[in-house]
$ cat run.txt   # compact mmCIF, C-alpha atoms
# COMPACT_ATOMS: atom_id res chain seq x y z
CA MET A 1 0.00 0.00 0.00
CA ASP A 2 1.44 3.39 -0.95
CA LYS A 3 1.34 6.45 1.32
CA GLN A 4 -1.51 8.11 -0.56
CA GLU A 5 -3.73 5.05 -0.24
CA LEU A 6 -2.94 4.80 3.46
CA LYS A 7 -3.72 8.49 3.94
CA ARG A 8 -7.02 8.04 2.08
CA PHE A 9 -8.09 5.26 4.46
CA LYS A 10 -7.08 7.32 7.51
CA LYS A 11 -9.10 10.32 6.29
CA TYR A 12 -12.23 8.29 5.64
CA ALA A 13 -11.94 6.51 8.99
CA THR A 14 -11.47 9.78 10.87
CA ARG A 15 -14.47 11.37 9.17
CA ILE A 16 -16.51 8.27 10.03
CA ARG A 17 -15.41 8.54 13.65
CA LYS A 18 -16.48 12.20 13.73
CA HIS A 19 -19.91 11.20 12.41
CA ILE A 20 -20.21 8.48 15.07
CA ILE A 21 -19.57 10.98 17.85
CA ASP A 22 -22.08 13.45 16.43
CA GLU A 23 -24.72 10.78 15.85
CA VAL A 24 -24.77 9.59 19.44
CA TYR A 25 -24.37 13.14 20.77
CA HIS A 26 -27.40 14.48 18.90
CA ALA A 27 -29.46 11.38 19.75
CA ALA A 28 -28.35 11.52 23.40
CA SER A 29 -28.16 7.72 23.14
CA GLY A 30 -26.30 5.04 21.23
CA HIS A 31 -23.13 2.99 21.30
CA PRO A 32 -19.91 4.90 20.54
CA GLY A 33 -17.29 2.49 21.94
CA GLY A 34 -17.88 -0.52 19.71
CA SER A 35 -18.69 1.69 16.74
CA LEU A 36 -15.27 3.33 16.97
CA SER A 37 -13.49 -0.02 17.36
CA CYS A 38 -14.79 -1.44 14.06
CA THR A 39 -14.41 1.73 11.97
CA ASP A 40 -11.14 0.78 10.29
CA ILE A 41 -12.55 -2.59 9.17
CA LEU A 42 -15.59 -0.88 7.67
CA THR A 43 -13.35 1.63 5.93
CA VAL A 44 -11.39 -1.09 4.13
CA LEU A 45 -14.51 -3.06 3.23
CA TYR A 46 -16.47 -0.14 1.79
CA PHE A 47 -13.68 1.96 0.26
CA HIS A 48 -11.41 -0.78 -1.02
CA GLU A 49 -12.75 -4.30 -1.02
CA MET A 50 -16.46 -4.79 -1.50
CA ARG A 51 -18.13 -4.89 -4.90
CA ILE A 52 -21.00 -2.47 -4.37
CA ASP A 53 -22.85 0.32 -6.17
CA PRO A 54 -24.29 3.17 -4.05
CA ASN A 55 -26.55 4.08 -6.96
CA ASN A 56 -27.97 0.56 -7.04
CA PRO A 57 -28.02 -0.75 -3.43
CA GLN A 58 -30.02 -3.85 -4.41
CA TRP A 59 -27.69 -4.88 -7.25
CA PRO A 60 -28.04 -8.69 -7.26
CA ASP A 61 -24.34 -9.34 -7.82
CA ARG A 62 -23.09 -7.05 -5.05
CA ASP A 63 -21.04 -8.28 -2.13
CA ARG A 64 -23.08 -8.44 1.07
CA PHE A 65 -22.28 -7.02 4.49
CA VAL A 66 -23.95 -7.88 7.81
CA LEU A 67 -23.32 -5.92 11.00
CA SER A 68 -24.11 -8.72 13.41
CA LYS A 69 -23.49 -6.46 16.39
CA GLY A 70 -26.29 -4.22 15.21
CA HIS A 71 -26.10 -1.79 18.14
CA CYS A 72 -23.00 -0.35 16.44
CA ALA A 73 -25.21 1.08 13.70
CA PRO A 74 -23.62 4.57 14.04
CA ALA A 75 -20.45 3.20 12.41
CA LEU A 76 -22.34 1.50 9.58
CA TYR A 77 -24.54 4.54 8.89
CA ALA A 78 -21.54 6.87 8.84
CA THR A 79 -19.70 4.55 6.46
CA LEU A 80 -22.69 4.21 4.11
CA ALA A 81 -23.16 7.99 4.07
CA GLU A 82 -19.49 8.65 3.31
CA ARG A 83 -19.65 6.02 0.56
CA GLY A 84 -22.61 7.82 -1.05
CA PHE A 85 -25.60 5.64 -0.20
CA PHE A 86 -27.41 8.61 1.35
CA PRO A 87 -26.50 12.21 2.33
CA VAL A 88 -24.25 12.75 5.34
CA GLU A 89 -26.69 15.45 6.42
CA GLU A 90 -29.03 12.65 7.55
CA LEU A 91 -26.59 11.37 10.18
CA PRO A 92 -27.35 13.90 12.98
CA LYS A 93 -30.97 12.70 12.85
CA PHE A 94 -29.86 9.29 14.15
CA ARG A 95 -32.49 7.71 16.43
CA SER A 96 -34.95 10.53 15.77
CA ILE A 97 -38.51 9.30 15.32
CA GLU A 98 -38.65 11.21 12.03
CA SER A 99 -35.49 9.56 10.69
CA PHE A 100 -34.94 6.31 8.79
CA LEU A 101 -31.70 5.87 10.77
CA GLN A 102 -32.99 4.03 13.80
CA GLY A 103 -30.95 2.56 16.63
CA HIS A 104 -30.36 -0.73 14.81
CA PRO A 105 -29.95 -1.27 11.05
CA SER A 106 -33.08 -1.92 8.99
CA MET A 107 -32.81 -3.38 5.50
CA LYS A 108 -36.29 -2.02 4.75
CA ASP A 109 -35.42 1.58 5.51
CA VAL A 110 -31.71 2.25 5.01
CA PRO A 111 -30.08 2.13 1.54
CA GLY A 112 -27.09 -0.21 1.63
CA VAL A 113 -28.15 -2.27 4.65
CA ASP A 114 -28.29 -5.92 3.57
CA MET A 115 -29.72 -7.39 6.79
CA SER A 116 -31.69 -6.02 9.73
CA THR A 117 -29.81 -6.78 12.95
CA GLY A 118 -29.94 -6.07 16.65
CA SER A 119 -30.73 -9.35 18.40
CA LEU A 120 -27.24 -10.69 18.95
CA GLY A 121 -26.41 -13.93 17.16
CA GLN A 122 -29.01 -13.48 14.44
CA GLY A 123 -26.81 -11.45 12.10
CA ILE A 124 -24.13 -14.11 11.70
CA SER A 125 -26.88 -16.71 11.29
CA ALA A 126 -28.48 -14.74 8.45
CA ALA A 127 -25.08 -14.22 6.85
CA VAL A 128 -24.50 -17.97 6.75
CA GLY A 129 -27.79 -18.30 4.91
CA MET A 130 -26.81 -15.56 2.46
CA ALA A 131 -23.50 -17.26 1.76
CA MET A 132 -25.23 -20.60 1.27
CA ALA A 133 -27.69 -18.97 -1.14
CA GLY A 134 -24.76 -17.63 -3.15
CA LYS A 135 -23.32 -21.13 -3.44
CA LEU A 136 -26.65 -22.66 -4.47
CA ASP A 137 -27.27 -19.91 -7.03
CA LYS A 138 -23.70 -20.24 -8.33
CA LYS A 139 -23.06 -16.55 -7.72
CA ASP A 140 -19.61 -15.14 -7.05
CA TYR A 141 -20.55 -12.49 -4.49
CA ARG A 142 -18.94 -12.63 -1.07
CA VAL A 143 -20.53 -12.12 2.34
CA TYR A 144 -18.75 -10.12 5.04
CA VAL A 145 -19.71 -9.90 8.71
CA ILE A 146 -18.63 -7.96 11.77
CA LEU A 147 -19.30 -9.97 14.91
CA GLY A 148 -18.92 -8.70 18.47
CA ASP A 149 -16.79 -10.63 20.94
CA GLY A 150 -19.46 -10.31 23.64
CA GLU A 151 -21.85 -11.66 21.04
CA LEU A 152 -19.99 -14.97 21.19
CA GLN A 153 -21.88 -15.63 24.42
CA GLU A 154 -24.96 -16.36 22.28
CA GLY A 155 -25.27 -20.06 21.54
CA GLN A 156 -26.82 -19.29 18.17
CA VAL A 157 -23.44 -17.95 17.02
CA TRP A 158 -21.84 -21.35 17.43
CA GLU A 159 -24.65 -23.12 15.58
CA ALA A 160 -24.05 -20.74 12.69
CA MET A 161 -20.30 -21.35 12.86
CA MET A 162 -20.84 -25.10 12.76
CA ALA A 163 -23.18 -24.83 9.76
CA ALA A 164 -20.81 -22.57 7.82
CA ALA A 165 -17.93 -25.00 8.21
CA HIS A 166 -20.12 -28.02 7.41
CA TYR A 167 -21.28 -26.47 4.14
CA LYS A 168 -17.76 -25.26 3.24
CA LEU A 169 -18.82 -21.65 2.82
CA ASP A 170 -15.54 -20.21 1.57
CA ASN A 171 -17.46 -17.16 0.30
CA LEU A 172 -18.03 -16.07 3.92
CA THR A 173 -15.58 -13.86 5.82
CA VAL A 174 -16.28 -12.84 9.42
CA PHE A 175 -14.42 -10.17 11.36
CA LEU A 176 -14.49 -10.65 15.12
CA ASP A 177 -14.24 -7.19 16.72
CA HIS A 178 -12.16 -8.44 19.63
CA ASN A 179 -12.00 -5.41 21.93
CA GLY A 180 -12.53 -7.42 25.12
CA LEU A 181 -15.31 -5.26 26.57
CA GLN A 182 -19.10 -5.42 26.65
CA ILE A 183 -21.81 -3.46 28.41
CA ASP A 184 -21.29 -5.15 31.79
CA GLY A 185 -17.50 -5.23 31.78
CA LYS A 186 -14.70 -7.42 30.45
CA ILE A 187 -15.95 -10.32 28.34
CA THR A 188 -13.69 -12.66 30.29
CA GLU A 189 -15.45 -11.70 33.52
CA VAL A 190 -19.05 -11.62 32.25
CA MET A 191 -19.04 -14.96 30.40
CA SER A 192 -15.69 -15.77 28.88
CA PRO A 193 -15.68 -17.05 25.27
CA GLU A 194 -11.91 -17.56 25.36
CA PRO A 195 -9.81 -19.08 23.90
CA VAL A 196 -11.56 -17.94 20.73
CA VAL A 197 -8.85 -18.91 18.23
CA ILE A 198 -8.74 -22.52 19.42
CA LYS A 199 -12.53 -22.72 19.39
CA PHE A 200 -12.83 -21.39 15.84
CA LEU A 201 -10.17 -23.82 14.66
CA ALA A 202 -12.03 -26.67 16.36
CA PHE A 203 -15.21 -25.63 14.55
CA GLY A 204 -13.42 -26.03 11.22
CA TRP A 205 -12.77 -22.41 10.29
CA ASN A 206 -9.76 -20.78 8.70
CA VAL A 207 -8.52 -18.39 11.41
CA ILE A 208 -6.42 -15.25 10.95
CA VAL A 209 -5.38 -12.89 13.77
CA ILE A 210 -4.69 -9.23 13.01
CA ASN A 211 -4.49 -5.73 14.44
CA ALA A 212 -7.94 -4.27 13.70
CA HIS A 213 -6.47 -0.80 13.15
CA ASP A 214 -3.71 -1.75 10.69
CA TYR A 215 -5.03 -1.28 7.16
CA GLU A 216 -2.37 -3.40 5.51
CA GLN A 217 -3.13 -6.30 7.85
CA ILE A 218 -6.86 -5.98 7.16
CA ILE A 219 -6.32 -6.00 3.39
CA ASP A 220 -3.88 -8.91 3.57
CA ALA A 221 -6.27 -10.94 5.75
CA ILE A 222 -9.12 -10.43 3.28
CA ALA A 223 -6.88 -11.57 0.42
CA LYS A 224 -5.97 -14.72 2.37
CA ALA A 225 -9.65 -15.36 3.09
CA LYS A 226 -10.50 -15.08 -0.62
CA SER A 227 -7.79 -17.57 -1.53
CA THR A 228 -8.91 -20.13 1.06
CA LYS A 229 -11.06 -22.90 -0.40
CA ASP A 230 -13.70 -25.10 1.27
CA LYS A 231 -13.57 -23.23 4.59
CA PRO A 232 -15.13 -20.03 5.90
CA THR A 233 -12.67 -17.54 7.36
CA ILE A 234 -12.83 -15.66 10.63
CA ILE A 235 -10.45 -12.75 11.09
CA VAL A 236 -9.87 -12.19 14.81
CA ALA A 237 -9.33 -8.43 14.78
CA GLU A 238 -7.67 -7.27 17.99
CA SER A 239 -9.23 -3.85 18.51
CA ILE A 240 -9.46 -0.97 20.96
CA LYS A 241 -12.91 -0.02 22.14
CA GLY A 242 -13.40 3.72 21.60
CA LYS A 243 -10.46 3.86 19.17
CA GLY A 244 -9.53 7.39 18.08
CA VAL A 245 -10.92 9.30 21.07
CA SER A 246 -8.42 9.42 23.93
CA PHE A 247 -10.82 9.39 26.87
CA MET A 248 -13.01 6.67 25.35
CA GLU A 249 -10.28 4.15 24.52
CA ASN A 250 -10.51 0.89 26.49
CA GLN A 251 -13.19 2.35 28.77
CA VAL A 252 -16.18 0.04 29.26
CA GLY A 253 -18.37 2.97 30.28
CA TRP A 254 -18.46 4.18 26.68
CA HIS A 255 -20.13 1.00 25.44
CA GLY A 256 -23.57 2.60 25.38
CA THR A 257 -23.13 6.12 26.76
CA PRO A 258 -23.41 9.28 24.62
CA PRO A 259 -21.02 12.18 25.22
CA ASN A 260 -22.22 15.46 26.67
CA LYS A 261 -21.40 18.69 24.84
CA GLU A 262 -18.01 19.16 26.48
CA GLN A 263 -17.03 15.55 25.75
CA ARG A 264 -18.38 15.78 22.21
CA ASP A 265 -16.36 18.94 21.57
CA GLN A 266 -13.19 17.37 22.94
CA ALA A 267 -13.64 14.25 20.81
CA ILE A 268 -14.28 16.25 17.64
CA ALA A 269 -11.28 18.49 18.39
CA GLU A 270 -9.01 15.44 18.72
CA LEU A 271 -10.26 13.97 15.45
CA ASP A 272 -9.98 17.31 13.65
CA ALA A 273 -6.41 17.64 14.89
CA TYR A 274 -5.60 14.23 13.46
CA LEU A 275 -7.13 15.20 10.12
CA ALA A 276 -4.98 18.34 10.12
CA GLU A 277 -1.89 16.21 10.73
CA LEU A 278 -2.77 14.03 7.76
CA GLU A 279 -3.00 17.08 5.54
CA VAL A 280 0.59 18.11 6.23
CA GLU A 281 2.15 14.64 6.01

$ encode --input "run.txt" --output "structure tokens"
Amino acid sequence: MDKQELKRFKKYATRIRKHIIDEVYHAASGHPGGSLSCTDILTVLYFHEMRIDPNNPQWPDRDRFVLSKGHCAPALYATLAERGFFPVEELPKFRSIESFLQGHPSMKDVPGVDMSTGSLGQGISAAVGMAMAGKLDKKDYRVYVILGDGELQEGQVWEAMMAAAHYKLDNLTVFLDHNGLQIDGKITEVMSPEPVVIKFLAFGWNVIVINAHDYEQIIDAIAKAKSTKDKPTIIVAESIKGKGVSFMENQVGWHGTPPNKEQRDQAIAELDAYLAELEVE
């Protein structure tokens, strides 16, 4: 990856992070921590990897994306808006009763959303079905998923994992947003899913471990997933909850808490400063 491409990713990701902060601030509710942790993955998927057309969101041959941890809708909405699926001016209306951007993604209402999610475990299950449909229809589209690590506590996730491996769904790539925190605390203290890598291997998956905020590692992992045959791939993305905002990073309290005005202004100032740095690099 050359420097210009890297800078392009960083700019998009930082703008997405600014949108996330403003969405939850204006709504006075929402989930900033996990939205910020998966931003870099979404940036690579939507601005580099996925075969999509913002002017034709229902294009039958598009790649599919499922945000299984649907409470992190602010990140998905911000990414879709930056990619051109709908105007960025809609983002501050997040969770407003008059808006189509509700607290969890709706495939009926939001252009670019391929699956309605919110009930944890159901997104990955639907994605397995989508990947299986692609195989049966002999289509070459790929299905991508972001799964929460706290979400692994849902038994339905493991049923889906077992089915995907059994049916050799090599057109399915799952990112595990492994930030280690959920609403009630550390995942290892609430109901530990560890060791996740060993479990995924035992379930018959191709497993890759990366830094969730390293664009080259994300791109390389996707390429390895695409070259793997007869196995689905899970990319265990080691991430930082609240990534990009100093006082939110690795703080469980920001799982589902909106910033007040002072906190919002500080977060935006930090992100603006980073954008300014990118301009002079």

$ atom_distance --input "run.txt" --atom1 "atom CA of Gln251 of chain A" --atom2 "atom CA of Tyr274 of chain A"
20.8 Å

$ atom_distance --input "run.txt" --atom1 "atom CA of Leu36 of chain A" --atom2 "atom CA of Lys231 of chain A"
29.4 Å

$ atom_distance --input "run.txt" --atom1 "atom CA of Gly155 of chain A" --atom2 "atom CA of Thr188 of chain A"
16.3 Å

$ closest_residue --input "run.txt" --among "A:Ala237, A:Leu120, A:Val66, A:Val88" --to "Leu172 of chain A" --atoms "all atoms listed in the file"
A:Val66

$ closest_residue --input "run.txt" --among "A:Trp205, A:Tyr141, A:Phe247, A:Phe94" --to "Tyr25 of chain A" --atoms "only C-alpha atoms"
A:Phe94

$ residues_around --input "run.txt" --residues "Tyr12 of chain A" --least-positions-apart "2" --cutoff "9 Å" --atoms "only C-alpha atoms" --output "PyMOL selection string"
chain A and resi 7-10+14-17+40+43+47+79+82

$ residues_around --input "run.txt" --residues "segment 258-265 of chain A" --least-positions-apart "4" --cutoff "7 Å" --atoms "all atoms listed in the file" --output "PyMOL selection string"
chain A and resi 21+24-25+28-30+32+269

$ closest_residue --input "run.txt" --among "A:Glu90, A:Val44, A:Lys18, A:Arg142" --to "Asp220 of chain A" --atoms "all atoms listed in the file"
A:Val44

$ residues_around --input "run.txt" --residues "Ala221 of chain A" --least-positions-apart "5" --cutoff "9 Å" --atoms "only C-alpha atoms" --output "NGL selection string"
:A and (208-210 or 216 or 226 or 235)

$ closest_residue --input "run.txt" --among "A:Lys93, A:Arg51, A:Lys108, A:His213" --to "Glu23 of chain A" --atoms "all atoms listed in the file"
A:Lys93

$ closest_residue --input "run.txt" --among "A:Ile41, A:Ala276, A:Val196, A:Ile20" --to "Tyr77 of chain A" --atoms "all atoms listed in the file"
A:Ile20

$ closest_residue --input "run.txt" --among "A:Pro54, A:His19, A:Asp170, A:Leu42" --to "Leu91 of chain A" --atoms "all atoms listed in the file"
A:His19

$ residues_near_point --input "run.txt" --point "(-30.1, 0.9, 15.5)" --cutoff "8 Å" --atoms "all atoms listed in the file" --output "list of chain:residue names"
A:Gly70, A:His71, A:Cys72, A:Ala73, A:Pro74, A:Arg95, A:Leu101, A:Gln102, A:Gly103, A:His104, A:Pro105, A:Ser106, A:Gly118

$ decode --input "run.txt" --residues "segment 90-211 of chain A" --atoms "C-alpha atoms" --output "tab-separated table (two decimals), in the first residue's frame"
chain	number	residue	atom	x	y	z
A	90	GLU	CA	-29.03	12.65	7.55
A	91	LEU	CA	-26.59	11.37	10.18
A	92	PRO	CA	-27.35	13.90	12.98
A	93	LYS	CA	-30.97	12.70	12.85
A	94	PHE	CA	-29.86	9.29	14.15
A	95	ARG	CA	-32.49	7.71	16.43
A	96	SER	CA	-34.95	10.53	15.77
A	97	ILE	CA	-38.51	9.30	15.32
A	98	GLU	CA	-38.65	11.21	12.03
A	99	SER	CA	-35.49	9.56	10.69
A	100	PHE	CA	-34.94	6.31	8.79
A	101	LEU	CA	-31.70	5.87	10.77
A	102	GLN	CA	-32.99	4.03	13.80
A	103	GLY	CA	-30.95	2.56	16.63
A	104	HIS	CA	-30.36	-0.73	14.81
A	105	PRO	CA	-29.95	-1.27	11.05
A	106	SER	CA	-33.08	-1.92	8.99
A	107	MET	CA	-32.81	-3.38	5.50
A	108	LYS	CA	-36.29	-2.02	4.75
A	109	ASP	CA	-35.42	1.58	5.51
A	110	VAL	CA	-31.71	2.25	5.01
A	111	PRO	CA	-30.08	2.13	1.54
A	112	GLY	CA	-27.09	-0.21	1.63
A	113	VAL	CA	-28.15	-2.27	4.65
A	114	ASP	CA	-28.29	-5.92	3.57
A	115	MET	CA	-29.72	-7.39	6.79
A	116	SER	CA	-31.69	-6.02	9.73
A	117	THR	CA	-29.81	-6.78	12.95
A	118	GLY	CA	-29.94	-6.07	16.65
A	119	SER	CA	-30.73	-9.35	18.40
A	120	LEU	CA	-27.24	-10.69	18.95
A	121	GLY	CA	-26.41	-13.93	17.16
A	122	GLN	CA	-29.01	-13.48	14.44
A	123	GLY	CA	-26.81	-11.45	12.10
A	124	ILE	CA	-24.13	-14.11	11.70
A	125	SER	CA	-26.88	-16.71	11.29
A	126	ALA	CA	-28.48	-14.74	8.45
A	127	ALA	CA	-25.08	-14.22	6.85
A	128	VAL	CA	-24.50	-17.97	6.75
A	129	GLY	CA	-27.79	-18.30	4.91
A	130	MET	CA	-26.81	-15.56	2.46
A	131	ALA	CA	-23.50	-17.26	1.76
A	132	MET	CA	-25.23	-20.60	1.27
A	133	ALA	CA	-27.69	-18.97	-1.14
A	134	GLY	CA	-24.76	-17.63	-3.15
A	135	LYS	CA	-23.32	-21.13	-3.44
A	136	LEU	CA	-26.65	-22.66	-4.47
A	137	ASP	CA	-27.27	-19.91	-7.03
A	138	LYS	CA	-23.70	-20.24	-8.33
A	139	LYS	CA	-23.06	-16.55	-7.72
A	140	ASP	CA	-19.61	-15.14	-7.05
A	141	TYR	CA	-20.55	-12.49	-4.49
A	142	ARG	CA	-18.94	-12.63	-1.07
A	143	VAL	CA	-20.53	-12.12	2.34
A	144	TYR	CA	-18.75	-10.12	5.04
A	145	VAL	CA	-19.71	-9.90	8.71
A	146	ILE	CA	-18.63	-7.96	11.77
A	147	LEU	CA	-19.30	-9.97	14.91
A	148	GLY	CA	-18.92	-8.70	18.47
A	149	ASP	CA	-16.79	-10.63	20.94
A	150	GLY	CA	-19.46	-10.31	23.64
A	151	GLU	CA	-21.85	-11.66	21.04
A	152	LEU	CA	-19.99	-14.97	21.19
A	153	GLN	CA	-21.88	-15.63	24.42
A	154	GLU	CA	-24.96	-16.36	22.28
A	155	GLY	CA	-25.27	-20.06	21.54
A	156	GLN	CA	-26.82	-19.29	18.17
A	157	VAL	CA	-23.44	-17.95	17.02
A	158	TRP	CA	-21.84	-21.35	17.43
A	159	GLU	CA	-24.65	-23.12	15.58
A	160	ALA	CA	-24.05	-20.74	12.69
A	161	MET	CA	-20.30	-21.35	12.86
A	162	MET	CA	-20.84	-25.10	12.76
A	163	ALA	CA	-23.18	-24.83	9.76
A	164	ALA	CA	-20.81	-22.57	7.82
A	165	ALA	CA	-17.93	-25.00	8.21
A	166	HIS	CA	-20.12	-28.02	7.41
A	167	TYR	CA	-21.28	-26.47	4.14
A	168	LYS	CA	-17.76	-25.26	3.24
A	169	LEU	CA	-18.82	-21.65	2.82
A	170	ASP	CA	-15.54	-20.21	1.57
A	171	ASN	CA	-17.46	-17.16	0.30
A	172	LEU	CA	-18.03	-16.07	3.92
A	173	THR	CA	-15.58	-13.86	5.82
A	174	VAL	CA	-16.28	-12.84	9.42
A	175	PHE	CA	-14.42	-10.17	11.36
A	176	LEU	CA	-14.49	-10.65	15.12
A	177	ASP	CA	-14.24	-7.19	16.72
A	178	HIS	CA	-12.16	-8.44	19.63
A	179	ASN	CA	-12.00	-5.41	21.93
A	180	GLY	CA	-12.53	-7.42	25.12
A	181	LEU	CA	-15.31	-5.26	26.57
A	182	GLN	CA	-19.10	-5.42	26.65
A	183	ILE	CA	-21.81	-3.46	28.41
A	184	ASP	CA	-21.29	-5.15	31.79
A	185	GLY	CA	-17.50	-5.23	31.78
A	186	LYS	CA	-14.70	-7.42	30.45
A	187	ILE	CA	-15.95	-10.32	28.34
A	188	THR	CA	-13.69	-12.66	30.29
A	189	GLU	CA	-15.45	-11.70	33.52
A	190	VAL	CA	-19.05	-11.62	32.25
A	191	MET	CA	-19.04	-14.96	30.40
A	192	SER	CA	-15.69	-15.77	28.88
A	193	PRO	CA	-15.68	-17.05	25.27
A	194	GLU	CA	-11.91	-17.56	25.36
A	195	PRO	CA	-9.81	-19.08	23.90
A	196	VAL	CA	-11.56	-17.94	20.73
A	197	VAL	CA	-8.85	-18.91	18.23
A	198	ILE	CA	-8.74	-22.52	19.42
A	199	LYS	CA	-12.53	-22.72	19.39
A	200	PHE	CA	-12.83	-21.39	15.84
A	201	LEU	CA	-10.17	-23.82	14.66
A	202	ALA	CA	-12.03	-26.67	16.36
A	203	PHE	CA	-15.21	-25.63	14.55
A	204	GLY	CA	-13.42	-26.03	11.22
A	205	TRP	CA	-12.77	-22.41	10.29
A	206	ASN	CA	-9.76	-20.78	8.70
A	207	VAL	CA	-8.52	-18.39	11.41
A	208	ILE	CA	-6.42	-15.25	10.95
A	209	VAL	CA	-5.38	-12.89	13.77
A	210	ILE	CA	-4.69	-9.23	13.01
A	211	ASN	CA	-4.49	-5.73	14.44
